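This report concerns only the one structure given below.
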Number of protein chains: 2
Amino acid sequence: MRQTILRAAARVFRRRGFAATGMRDIAAEADLSPGNLYYYFGSKDELLFFCQDHSLDRMLATCHAVGRAGAGAAERLALVIRAHVACMLDELDGAAAHTEVEALPPRLRERIVAKRDRYEAAVRRIVAEGVRMRTFAPCDPTLVTRAVLGALNWTARWYRPDGAQPPAAVADAFATYLVRGLCA
Amino acid sequence: MRQTILRAAARVFRRRGFAATGMRDIAAEADLSPGNLYYYFGSKDELLFFCQDHSLDRMLATCHAVGRAGAGAAERLALVIRAHVACMLDELDGAAAHTEVEALPPRLRERIVAKRDRYEAAVRRIVAEGVRMRTFAPCDPTLVTRAVLGALNWTARWYRPDGAQPPAAVADAFATYLVRGLCA
DNA sequence: CGCAGGTTTGAACCATGGTTCGAAAGTCGA
DNA sequence: TCGACTTTCGAACCATGGTTCAAACCTGCG
């Protein structure tokens with residue numbers, strides 16, 4: 001039930017944006033009465049929080065998995081990028097994740113920001129290692145990592161499921177472009 | 001006067017986000033009474049609209065200027081990237097531009113989206129020409145352009161003026177990284 | 001059947017915040 | 001100084017939308 005509601009909320013958040021969607025919209029999307037949402041969740045903010053938390057967990061998991069695969073930095077980064085795009089465009093709740101952090105009240109935002117920082121650090125570690133190994137050109141890993149994540153997060157803004165490009169095509173293009181920018 | 005108000009609005013939008021800031025906040029920032037804002041602007045939406053419109057004009061202008069400089073695609077793209085970062089981090093109103101398009105009512109949004117599309121097309125033209133000239137690796141110019149713009153627009157989310165990095169450092173790092181990803 | 005617990009409802013409550021408005025204050029040429 | 005006009009004020013208005021609540025509804029067990 002909680003899952004059903006979260007899916008519905010994520011769908012509407014993505015479609016109309018967090019600020020523009022009302023509890024009544026979410027209720028309608030989940031075939032529920034407005035009041036009933038509060039039996040499962042405490043507030044609208046909490047709903048957004050769990051959407052973000054869930055997709056961050058997913059992204060962190062792929063980082064963890066990729067870390068064990070003993071490949072080079074370039075391959076590992078490409079894998080993370082592909083997974084990030086997939087999470088952003090296939091999974092519906094991914095889009096609301098990084099996009100609307102500012103909307104959360106301080107208490108909840110803290111926790112999301114902390115988790116997001118852990119994800120960013122994981123990606124940065126891959127970049128830094130590539131630089132150290134000389135497979136990547138010398139650069140500031142922090143800035144480059146943010147450029148990469150920016151390009152990825154921004155996909156939620158322009159991608160339309162009914163467009164010509166399937167998510168995999170976007171993932172491929174982004175992986176090759178964003179990795180090549182690092183290669184020495 | 002209108003300029004003063006717009007600056008103030010842009011500052012607060014950037015600090016707290018569009019949805020979170022009230023007319024009373026903007027009025028306070030501009031040392032004005034809440035009601036007085038409506039003597040110069042019709043609504044809160046209109047305020048956001050003019051912020052976005054102004055910074056888009058600025059970005060389009062640099063595209064135009066760069067177009068006349070008869071340099072190669074790589075140099076032209078680097079110039080546009082640098083200008084975009086500057087507009088994003090130096091000029092306060094730039095941040096609100098691409099970041100909160102969804103917040104606008106349909107009528108105003110249409111016009112902003114149209115202008116933003118023109119900007120995107122201008123950047124894409126540079127990329128496409130580079131590909132045609134073989135100075136850039138073969139790729140889908142549309143997707144790569146969106147990756148570039150995503151990385152740039154995202155800067156508004158994480159950059160803090162009191163941080164260690166001056167805007168120019170960010171501009172340099174982004175220009176080299178994002179252009180190198182295209183070079184064959 | 002009947003009762004207890006969990007679940008669902010939808011109408012009503014109420015704070016927030018964009019907006020309006022009538023009046024007061026400044027400006028300036030005559 | 002006067003009067004017309006522009007500008008400013010801030011208290012009140014009011015729609016929106018998140019939230020609450022008491023009653024109804026189910027479900028399963030004794």
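Naming works like this for the structure tokens: A, B, ... for the chains as they're shown, residue 1 at the start of each chain, ligands 1 onward in shown order.
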
Open item on the list: Please find the residues of chain B near chain C - the criterion being any atom within 10 Å, counting only C-alpha atoms (C1' of nucleotides) - and write them as an MDAnalysis selection string.
Closed with: chainID B and resid 21:24 34:35 38 42:44

Pull C-alpha atoms from the residues just selected and write them as a compact mmCIF listing (two decimals), in the first residue's frame.
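Saved the output as part15.txt:
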# COMPACT_ATOMS: atom_id res chain seq x y z
CA THR B 21 9.73 32.92 -1.18
CA GLY B 22 6.79 35.19 -0.57
CA MET B 23 6.00 38.61 -1.92
CA ARG B 24 6.69 39.96 1.56
CA PRO B 34 4.41 44.38 -0.20
CA GLY B 35 1.64 46.25 -1.91
CA TYR B 38 2.07 45.51 -7.66
CA GLY B 42 1.39 42.36 -12.15
CA SER B 43 2.12 39.22 -10.19
CA LYS B 44 4.74 37.03 -8.60

- [ ] Show me which bits of chain A are within 6 Å of chain B, counting only C-alpha atoms, as a ChimeraX atom specification.
- [x] /A:147,150-151,154,177,180-181

Hey, which bits of chain B sit within 10 Å of chain D, and for each residue what's the closest pair of atoms and how far apart in Å (one decimal), counting only C-alpha atoms (C1' of nucleotides), rows by chain and increasing number, as JSON lines?
{"residue": "B:Leu32", "atom": "CA", "partner": "D:DT8", "partner_atom": "C1'", "distance": 8.3}
{"residue": "B:Ser33", "atom": "CA", "partner": "D:DC9", "partner_atom": "C1'", "distance": 6.3}
{"residue": "B:Pro34", "atom": "CA", "partner": "D:DG10", "partner_atom": "C1'", "distance": 8.0}
{"residue": "B:Gly35", "atom": "CA", "partner": "D:DC9", "partner_atom": "C1'", "distance": 7.2}
{"residue": "B:Asn36", "atom": "CA", "partner": "D:DT8", "partner_atom": "C1'", "distance": 6.2}
{"residue": "B:Leu37", "atom": "CA", "partner": "D:DT8", "partner_atom": "C1'", "distance": 9.8}
{"residue": "B:Tyr39", "atom": "CA", "partner": "D:DT7", "partner_atom": "C1'", "distance": 8.4}

- [ ] Excluding region 110-123 of chain A and any residue of its chain fewer than 6 positions from it, enumerate the residues within 12 Å of it, using only C-alpha atoms (C1' of nucleotides), and give them as a count of residues only.
- [x] 51

Task: Surrounding residues of Glu29 (chain A) excluding itself and chain neighbours under 6 positions, 9 Å, only C-alpha atoms (C1' of nucleotides), as a PyMOL selection string - done: chain A and resi 5+8-9+11-12

Write to file, as a compact mmCIF listing (two decimals), in the first residue's frame, the residues of the selection just made, with C-alpha atoms.
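Writing the result to result.txt gives the following:
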# COMPACT_ATOMS: atom_id res chain seq x y z
CA ILE A 5 1.08 5.49 -2.84
CA ALA A 8 1.56 7.37 -7.55
CA ALA A 9 3.09 10.36 -5.80
CA ARG A 11 4.36 9.87 -11.00
CA VAL A 12 2.49 13.07 -10.29

TODO: Select from chain A everything DSSP, run on the backbone, classes as helix (DSSP H, G or I), then give the selection as number ranges by chain.
DONE: A: 2-16, 23-29, 34-40, 44-68, 73-89, 92-99, 101-103, 106-132, 141-158, 167-180

TODO: Provide the CA of Tyr40 (chain A) to CA of Asp25 (chain A) distance in Å, to one decimal place.
DONE: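 So the answer is 16.2 Å.
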
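Reported to one decimal place, the separation of CA of Asp90 (chain B) from CA of Arg14 (chain B) is 12.0 Å.
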